[in-house]
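The file protein.csv contains CSV, C-alpha atoms and all ligand atoms:
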```csv
chain,number,residue,atom,x,y,z
A,294,MET,CA,-12.4,-89.2,-78.1
A,295,THR,CA,-12.7,-92.9,-77.7
A,296,ASP,CA,-13.3,-94.8,-80.9
A,297,ARG,CA,-16.3,-96.9,-81.5
A,298,PRO,CA,-14.7,-100.3,-81.7
A,299,LEU,CA,-12.9,-99.7,-78.4
A,300,LYS,CA,-16.0,-98.5,-76.6
A,301,ASP,CA,-17.9,-101.5,-77.8
A,302,GLU,CA,-15.2,-103.9,-76.8
A,303,LEU,CA,-14.8,-102.4,-73.3
A,304,LEU,CA,-18.5,-102.5,-72.7
A,305,ALA,CA,-18.9,-106.1,-73.9
A,306,VAL,CA,-15.9,-107.2,-71.7
A,307,ALA,CA,-17.2,-105.3,-68.6
A,308,LEU,CA,-20.8,-106.7,-69.0
A,309,GLU,CA,-19.5,-110.3,-69.3
A,310,ALA,CA,-17.1,-110.0,-66.4
A,311,ALA,CA,-19.9,-108.5,-64.2
A,312,ARG,CA,-22.3,-111.2,-65.3
A,313,ARG,CA,-19.9,-114.0,-64.5
A,314,ALA,CA,-19.0,-112.6,-61.1
A,315,GLY,CA,-22.6,-111.9,-60.3
A,316,GLU,CA,-23.6,-115.4,-61.1
A,317,LEU,CA,-20.8,-116.8,-58.9
A,318,LEU,CA,-21.7,-114.6,-56.0
A,319,ARG,CA,-25.5,-115.2,-56.3
A,320,ASP,CA,-25.4,-119.0,-56.9
A,321,GLY,CA,-22.1,-119.8,-55.0
A,322,ARG,CA,-22.6,-118.0,-51.7
A,323,PRO,CA,-21.8,-120.5,-48.9
A,324,ALA,CA,-24.6,-120.9,-46.3
A,325,ASP,CA,-21.9,-120.6,-43.6
A,326,LEU,CA,-20.2,-117.6,-45.2
A,327,GLY,CA,-18.0,-115.9,-42.6
A,328,VAL,CA,-15.4,-113.1,-42.4
A,329,ALA,CA,-12.1,-114.1,-44.0
A,330,ALA,CA,-10.2,-110.9,-43.0
A,331,THR,CA,-10.7,-107.3,-41.8
A,332,LYS,CA,-9.1,-104.2,-43.2
A,333,THR,CA,-9.3,-100.7,-41.7
A,334,SER,CA,-11.3,-101.8,-38.7
A,335,SER,CA,-13.1,-104.8,-37.2
A,336,ILE,CA,-16.2,-104.0,-39.1
A,337,ASP,CA,-14.4,-103.5,-42.5
A,338,VAL,CA,-14.7,-107.1,-43.6
A,339,VAL,CA,-13.6,-109.3,-46.5
A,340,THR,CA,-15.2,-112.6,-47.3
A,341,GLU,CA,-13.8,-115.5,-49.4
A,342,MET,CA,-16.3,-114.5,-52.1
A,343,ASP,CA,-14.9,-111.0,-52.4
A,344,ILE,CA,-11.5,-112.5,-53.2
A,345,ALA,CA,-13.0,-115.2,-55.4
A,346,ALA,CA,-15.0,-112.7,-57.4
A,347,GLU,CA,-12.1,-110.4,-57.9
A,348,LYS,CA,-9.9,-113.3,-59.1
A,349,LEU,CA,-12.7,-114.4,-61.6
A,350,ILE,CA,-12.9,-110.8,-62.9
A,351,THR,CA,-9.2,-110.2,-63.2
A,352,ASP,CA,-8.5,-113.6,-64.8
A,353,PHE,CA,-11.2,-112.9,-67.4
A,354,LEU,CA,-9.9,-109.4,-68.1
A,355,ALA,CA,-6.3,-110.7,-68.4
A,356,GLU,CA,-7.5,-113.1,-71.1
A,357,GLU,CA,-9.6,-110.6,-73.0
A,358,ARG,CA,-7.3,-107.5,-72.6
A,359,PRO,CA,-3.9,-108.6,-71.4
A,360,ASP,CA,-2.2,-105.1,-71.8
A,361,ASP,CA,-4.7,-103.2,-69.6
A,362,GLY,CA,-4.1,-102.0,-66.1
A,363,LEU,CA,-6.1,-103.2,-63.0
A,364,LEU,CA,-7.2,-101.6,-59.7
A,365,GLY,CA,-9.3,-103.8,-57.5
A,366,GLU,CA,-10.6,-103.5,-53.9
A,367,GLU,CA,-9.1,-106.8,-52.9
A,368,GLY,CA,-5.6,-106.0,-54.1
A,369,ALA,CA,-5.4,-106.2,-57.9
A,370,SER,CA,-3.0,-103.5,-59.0
A,371,THR,CA,-1.1,-103.4,-62.3
A,372,ALA,CA,-0.2,-100.4,-64.4
A,373,GLY,CA,-0.8,-101.9,-67.9
A,374,SER,CA,0.5,-100.4,-71.2
A,375,SER,CA,-2.7,-99.8,-73.2
A,376,GLY,CA,-3.9,-96.7,-71.5
A,377,VAL,CA,-7.0,-98.6,-70.3
A,378,ARG,CA,-7.3,-99.4,-66.6
A,379,TRP,CA,-10.1,-101.5,-65.1
A,380,VAL,CA,-11.4,-100.3,-61.7
A,381,ILE,CA,-13.1,-103.2,-59.9
A,382,ASP,CA,-15.2,-103.6,-56.8
A,383,PRO,CA,-16.0,-107.3,-56.8
A,384,ILE,CA,-18.7,-106.9,-54.1
A,385,ASP,CA,-19.9,-103.4,-53.3
A,386,GLY,CA,-21.9,-103.9,-50.2
A,387,THR,CA,-19.8,-106.6,-48.7
A,388,VAL,CA,-21.5,-106.4,-45.3
A,389,ASN,CA,-24.9,-106.8,-47.0
A,390,TYR,CA,-23.6,-109.8,-48.9
A,391,LEU,CA,-22.1,-111.3,-45.6
A,392,TYR,CA,-25.5,-111.0,-43.9
A,393,GLY,CA,-27.5,-112.3,-46.8
A,394,LEU,CA,-29.2,-108.9,-47.5
A,395,PRO,CA,-29.9,-108.3,-51.3
A,396,SER,CA,-28.3,-104.8,-51.8
A,397,TRP,CA,-24.9,-105.7,-53.1
A,398,SER,CA,-23.4,-105.3,-56.6
A,399,VAL,CA,-20.4,-106.0,-58.9
A,400,SER,CA,-18.9,-102.7,-60.1
A,401,ILE,CA,-16.6,-102.6,-63.0
A,402,ALA,CA,-15.4,-99.4,-64.8
A,403,ALA,CA,-12.9,-99.0,-67.7
A,404,GLU,CA,-10.8,-95.8,-67.6
A,405,LEU,CA,-9.0,-94.5,-70.7
A,406,HIS,CA,-6.0,-92.3,-69.8
A,407,GLY,CA,-7.7,-91.7,-66.4
A,408,GLU,CA,-11.2,-90.9,-67.6
A,409,ALA,CA,-14.0,-93.4,-67.0
A,410,VAL,CA,-15.4,-94.3,-70.4
A,411,VAL,CA,-17.4,-97.4,-69.6
A,412,GLY,CA,-19.2,-98.3,-66.3
A,413,VAL,CA,-21.1,-101.5,-65.4
A,414,VAL,CA,-22.9,-102.2,-62.1
A,415,ALA,CA,-24.6,-105.6,-61.8
A,416,ALA,CA,-27.1,-106.1,-59.0
A,417,PRO,CA,-27.9,-109.8,-59.2
A,418,MET,CA,-30.5,-109.9,-56.4
A,419,ARG,CA,-32.4,-107.2,-58.2
A,420,GLY,CA,-32.1,-109.0,-61.5
A,421,GLU,CA,-30.7,-105.7,-63.0
A,422,THR,CA,-27.5,-104.5,-64.6
A,423,TYR,CA,-26.8,-100.8,-65.1
A,424,HIS,CA,-24.3,-99.5,-67.7
A,425,ALA,CA,-23.1,-96.4,-69.4
A,426,VAL,CA,-20.6,-95.4,-72.1
A,427,LEU,CA,-19.2,-91.9,-72.0
A,428,ASP,CA,-21.4,-89.4,-73.9
A,429,GLU,CA,-23.9,-92.2,-74.8
A,430,GLY,CA,-26.4,-92.3,-72.0
A,431,ALA,CA,-27.2,-94.6,-69.1
A,432,TYR,CA,-29.1,-97.9,-69.2
A,433,ALA,CA,-30.8,-100.2,-66.7
A,434,ALA,CA,-31.7,-103.7,-68.0
A,435,GLY,CA,-31.1,-102.4,-71.5
A,436,GLU,CA,-33.6,-99.5,-71.2
A,437,ARG,CA,-32.4,-95.9,-71.3
A,438,VAL,CA,-32.7,-94.2,-67.9
A,439,ARG,CA,-32.8,-90.6,-66.7
A,440,CYS,CA,-32.6,-89.2,-63.2
A,441,ARG,CA,-35.6,-87.5,-61.6
A,442,PRO,CA,-36.1,-83.8,-62.2
A,443,ALA,CA,-35.0,-81.9,-59.1
A,444,PRO,CA,-37.7,-81.8,-56.4
A,445,ALA,CA,-38.1,-79.1,-53.8
A,446,PHE,CA,-35.3,-79.6,-51.3
A,447,ASP,CA,-37.7,-80.7,-48.5
A,448,GLN,CA,-39.2,-83.3,-50.9
A,449,ALA,CA,-35.8,-84.9,-51.8
A,450,LEU,CA,-35.1,-88.6,-51.0
A,451,ILE,CA,-31.4,-88.7,-50.2
A,452,GLY,CA,-29.1,-91.8,-50.0
A,453,THR,CA,-26.0,-91.9,-48.0
A,454,GLY,CA,-23.5,-94.3,-46.4
A,455,PHE,CA,-21.1,-94.5,-43.5
A,456,GLY,CA,-17.5,-95.4,-43.1
A,457,TYR,CA,-15.9,-98.1,-41.0
A,458,LEU,CA,-13.9,-95.9,-38.5
A,459,THR,CA,-15.6,-94.8,-35.2
A,460,GLU,CA,-14.5,-91.1,-35.5
A,461,ARG,CA,-15.7,-90.8,-39.0
A,462,ARG,CA,-19.1,-92.5,-38.2
A,463,ALA,CA,-19.6,-90.1,-35.3
A,464,ALA,CA,-19.0,-87.1,-37.6
A,465,GLN,CA,-21.3,-88.6,-40.3
A,466,ALA,CA,-24.0,-89.1,-37.8
A,467,GLU,CA,-23.9,-85.4,-37.0
A,468,VAL,CA,-24.3,-84.5,-40.7
A,469,VAL,CA,-27.3,-86.9,-41.1
A,470,ARG,CA,-28.8,-85.4,-37.9
A,471,ALA,CA,-28.7,-81.9,-39.4
A,472,LEU,CA,-29.8,-83.0,-42.9
A,473,LEU,CA,-32.8,-85.3,-42.0
A,474,PRO,CA,-35.3,-82.6,-40.9
A,475,ARG,CA,-34.6,-80.7,-44.1
A,476,VAL,CA,-35.4,-83.4,-46.7
A,477,ARG,CA,-38.1,-85.9,-47.4
A,478,ASP,CA,-36.1,-88.8,-46.0
A,479,ILE,CA,-32.7,-90.6,-45.9
A,480,ARG,CA,-31.9,-94.0,-47.2
A,481,ARG,CA,-28.8,-96.0,-46.2
A,482,ALA,CA,-28.8,-99.1,-48.4
A,483,GLY,CA,-25.1,-100.2,-48.1
A,484,SER,CA,-23.8,-100.1,-51.7
A,485,ALA,CA,-22.5,-96.8,-53.1
A,486,ALA,CA,-22.6,-98.3,-56.7
A,487,ILE,CA,-26.3,-99.2,-56.3
A,488,ASP,CA,-27.0,-95.8,-54.7
A,489,LEU,CA,-25.5,-94.0,-57.6
A,490,CYS,CA,-27.4,-96.2,-60.1
A,491,ASP,CA,-30.6,-95.5,-58.1
A,492,VAL,CA,-30.0,-91.7,-58.6
A,493,ALA,CA,-29.6,-92.5,-62.4
A,494,CYS,CA,-32.9,-94.5,-62.4
A,495,GLY,CA,-34.8,-91.9,-60.4
A,496,ARG,CA,-35.2,-94.1,-57.4
A,497,LEU,CA,-33.2,-91.6,-55.2
A,498,ASP,CA,-33.3,-87.9,-55.7
A,499,GLY,CA,-29.7,-87.6,-54.6
A,500,TYR,CA,-26.8,-89.3,-52.8
A,501,TYR,CA,-23.8,-88.3,-50.9
A,502,GLU,CA,-21.0,-90.0,-48.9
A,503,ARG,CA,-17.6,-89.3,-47.5
A,504,GLY,CA,-14.8,-91.9,-47.6
A,505,LEU,CA,-15.5,-93.9,-50.8
A,506,ASN,CA,-12.7,-95.5,-52.7
A,507,PRO,CA,-12.4,-95.3,-56.5
A,508,TRP,CA,-13.8,-98.8,-57.0
A,509,ASP,CA,-16.9,-97.8,-55.0
A,510,PHE,CA,-17.9,-95.0,-57.4
A,511,ALA,CA,-16.0,-95.3,-60.7
A,512,ALA,CA,-18.8,-97.1,-62.6
A,513,GLY,CA,-21.8,-95.7,-60.7
A,514,ALA,CA,-20.7,-92.1,-61.0
A,515,LEU,CA,-20.4,-92.4,-64.8
A,516,ILE,CA,-23.9,-94.0,-64.9
A,517,ALA,CA,-25.3,-91.2,-62.8
A,518,ARG,CA,-23.8,-88.5,-65.0
A,519,GLU,CA,-24.9,-90.2,-68.2
A,520,ALA,CA,-28.4,-90.3,-66.7
A,521,GLY,CA,-28.3,-86.5,-66.4
A,522,ALA,CA,-27.1,-86.1,-62.8
A,523,ARG,CA,-24.3,-83.9,-61.7
A,524,THR,CA,-21.5,-85.4,-59.6
A,525,GLY,CA,-18.9,-83.7,-57.5
A,526,GLY,CA,-17.2,-83.2,-54.2
A,527,ARG,CA,-16.8,-79.9,-52.3
A,528,PRO,CA,-17.9,-76.9,-54.5
A,529,GLY,CA,-15.6,-76.8,-57.5
A,530,ASP,CA,-14.0,-80.2,-56.8
A,531,PRO,CA,-14.6,-83.5,-58.5
A,532,LEU,CA,-16.2,-86.4,-56.7
A,533,SER,CA,-13.6,-88.1,-54.6
A,534,GLY,CA,-13.1,-90.0,-51.3
A,535,GLU,CA,-13.2,-86.6,-49.5
A,536,LEU,CA,-16.8,-86.2,-50.6
A,537,ALA,CA,-19.1,-87.7,-53.2
A,538,VAL,CA,-22.3,-85.9,-54.2
A,539,ALA,CA,-24.7,-86.9,-57.0
A,540,ALA,CA,-28.0,-85.4,-57.9
A,541,PRO,CA,-29.9,-83.7,-60.8
A,542,PRO,CA,-29.1,-80.1,-61.5
A,543,GLY,CA,-31.3,-77.9,-59.3
A,544,LEU,CA,-30.9,-80.3,-56.3
A,545,PHE,CA,-27.2,-80.9,-56.7
A,546,GLU,CA,-26.2,-77.3,-56.0
A,547,PRO,CA,-28.2,-76.7,-52.7
A,548,LEU,CA,-27.3,-80.2,-51.5
A,549,GLN,CA,-23.6,-79.7,-52.2
A,550,GLU,CA,-23.7,-76.3,-50.5
A,551,LEU,CA,-25.5,-77.6,-47.4
A,552,LEU,CA,-23.2,-80.6,-47.1
A,553,ASP,CA,-20.1,-78.3,-47.4
A,554,ASN,CA,-21.5,-76.0,-44.7
A,555,LEU,CA,-22.3,-79.1,-42.5
A,556,GLY,CA,-18.7,-80.2,-42.9
A,557,ALA,CA,-19.6,-83.5,-44.6
A,558,TRP,CA,-16.1,-83.4,-46.2
A,559,HIS,CA,-14.2,-84.0,-43.0
A,560,ASP,CA,-14.2,-86.2,-39.9
B,1,LIG,C1,-19.4,-100.0,-49.2
B,1,LIG,C2,-19.9,-98.8,-49.9
B,1,LIG,C3,-21.0,-98.1,-49.1
B,1,LIG,C4,-20.4,-97.7,-47.8
B,1,LIG,C5,-20.0,-98.9,-47.1
B,1,LIG,C6,-18.9,-99.6,-47.8
B,1,LIG,P1,-17.8,-102.0,-49.7
B,1,LIG,O1,-18.3,-100.5,-50.0
B,1,LIG,O2,-20.4,-99.2,-51.2
B,1,LIG,O3,-21.5,-97.0,-49.8
B,1,LIG,O4,-21.4,-97.0,-47.1
B,1,LIG,O5,-19.5,-98.5,-45.8
B,1,LIG,O6,-17.8,-98.8,-47.9
B,1,LIG,O7,-16.8,-101.9,-48.6
B,1,LIG,O8,-18.9,-102.9,-49.4
B,1,LIG,O9,-17.1,-102.4,-51.0
```
Would you mind giving the structure from this file in structure tokens?
Amino acid sequence: MTDRPLKDELLAVALEAARRAGELLRDGRPADLGVAATKTSSIDVVTEMDIAAEKLITDFLAEERPDDGLLGEEGASTAGSSGVRWVIDPIDGTVNYLYGLPSWSVSIAAELHGEAVVGVVAAPMRGETYHAVLDEGAYAAGERVRCRPAPAFDQALIGTGFGYLTERRAAQAEVVRALLPRVRDIRRAGSAAIDLCDVACGRLDGYYERGLNPWDFAAGALIAREAGARTGGRPGDPLSGELAVAAPPGLFEPLQELLDNLGAWHD
């Protein structure tokens, strides 16, 4: 059990870090923003703003909570000694940010002994910040949110995303091809953290993706669960890079089963 003062402190620190990074990214985006580097492929890009935002966040966290561990998409990695580890995606939806599309976010989660206890996702271009504290519900712009009740499967609006490697993208395309005729529609918005928060807010009925990293889902998955959604991977497995599924009970189970049968968990 996480004590009250610690929960309150972790939430306040995460909200302020996300606010500061979101402000930098929204107001400081260079008009001529380009690709600073690539990672797993030529389309897996990093900008100077990803790096700057992660530095802003990690410097702030080091001031506020110097004994905590860090794991960030752009390289932050320290063990810490407090039992708290911050899991940071400074820009989730980097390609959207690079192109000037609005669907990007700052995702910050605090884990205590490996369990996410606080999650914050700031979506500056939406003017919204989503947050959750373990066992205390999910909030969007300060208002309590709940996921939609499960619709009939063929009425479900499902979000997803794709990786950066050609072989994986080809396999993911086959899964979408099989799924699309069975559901209301598919949305591919480009930020896993926002997709998970959209499940929490009832703006998507469900979401799935293969190939996410911990920083993509750590905060958003907690927010989705605290809004009443189930999250997981293959049947019986937790949500992971192998497969991430999030949806309200009643939709989660048939979606998870179909995705497993379609091989959404492998390339
Ligand atoms: C992104 C994810 C998104 C996925 C993209 C990319 P990034 O994270 O949030 O769901 O479909 O391919 O991985 O790289 O922008 O932090």
message = Set the distance at 8 Å and use only C-alpha atoms: which residues neighbour Gly315 in chain A once local chain neighbours fewer than 2 positions away are removed? I'd like the list as a ChimeraX atom specification.
response = /A:311-313,317-319,398-399,415-417
task = Would you mind telling me which residue in A:Glu356, A:Glu404, A:Asp361, A:Asp382 lies nearest to ligand LIG 1 (chain B) when using all atoms listed in the file?
result =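 Looking at the shortest contact to ligand LIG 1 (chain B), the residue is A:Asp382.
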inquiry  = Counting all atoms listed in the file, which residue out of A:Cys440, A:Ala403, A:Ile381, A:Ile350 sits closest to ligand LIG 1 (chain B)?
reply    =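 Closest residue, counting all atoms listed in the file: A:Ile381.
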Within-7 Å residues of ligand LIG 1 (chain B), basis all atoms listed in the file, as a ChimeraX atom specification = /A:337,382,384-388,453-457,483-486,505,509
query = Within 12 Å of Ala464 in chain A, counting all atoms listed in the file, which residues qualify if same-chain residues fewer than 6 places away don't, as a list in words?
reply = Phe455, Gly456, Tyr457, Leu458, Arg470, Ala471, Glu502, Arg503, Gly504, Leu555, Gly556, Ala557, Trp558, His559 and Asp560 of chain A
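Considering only C-alpha atoms, the residue among A:Gly393, A:Gly327, A:Gly412, A:Pro383 positioned nearest to Leu515 in chain A is A:Gly412.
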inquiry  = With only C-alpha atoms as the counted atoms, please give the residues lying no more than 10 Å from Arg518 in chain A, apart from itself and same-chain residues fewer than 4 positions off, as an NGL selection string.
reply    = :A and (425 or 427-428 or 430-431 or 439-440 or 489-490 or 492-493 or 513-514 or 522-524 or 539-541)
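The interatomic distance for the pair CA of Asp478 in chain A and CA of Ile451 in chain A works out to 6.3 Å.
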query = Between CA of Gly420 in chain A and CA of Ala511 in chain A, what is the spacing in Å?
reply =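 About the pair CA of Ala511 in chain A and CA of Gly420 in chain A: they are 21.2 Å apart.
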inquiry  = Which residues are close to Leu552 in chain A, i.e. within 10 Å by all atoms listed in the file, leaving aside same-chain residues fewer than 4 positions away? Reply as a PyMOL selection string.
reply    = chain A and resi 468-469+471-472+501-502+526-528+536+538+546-548+556-558
query = Quick one, how far is CA of Phe446 in chain A from CA of Trp508 in chain A?
reply = 29.4 Å
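Of the listed residues A:Val413, A:Ala355, A:Leu473, A:Ala402, the one whose atoms come nearest to Gly435 in chain A is A:Val413, with distances taken using all atoms listed in the file.
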note = Of A:Pro395, A:Ile479, A:Ala520, A:Gly499, the one sitting nearest Glu436 in chain A when using all atoms listed in the file is A:Ala520
request  = Would you please work out which residue, of A:Ala517, A:Leu544, A:Ile487, A:Ala466, is nearest to Leu532 in chain A when using all atoms listed in the file?
outcome  =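 Looking only at the distances to Leu532 in chain A, the closest residue turns out to be A:Ala517.
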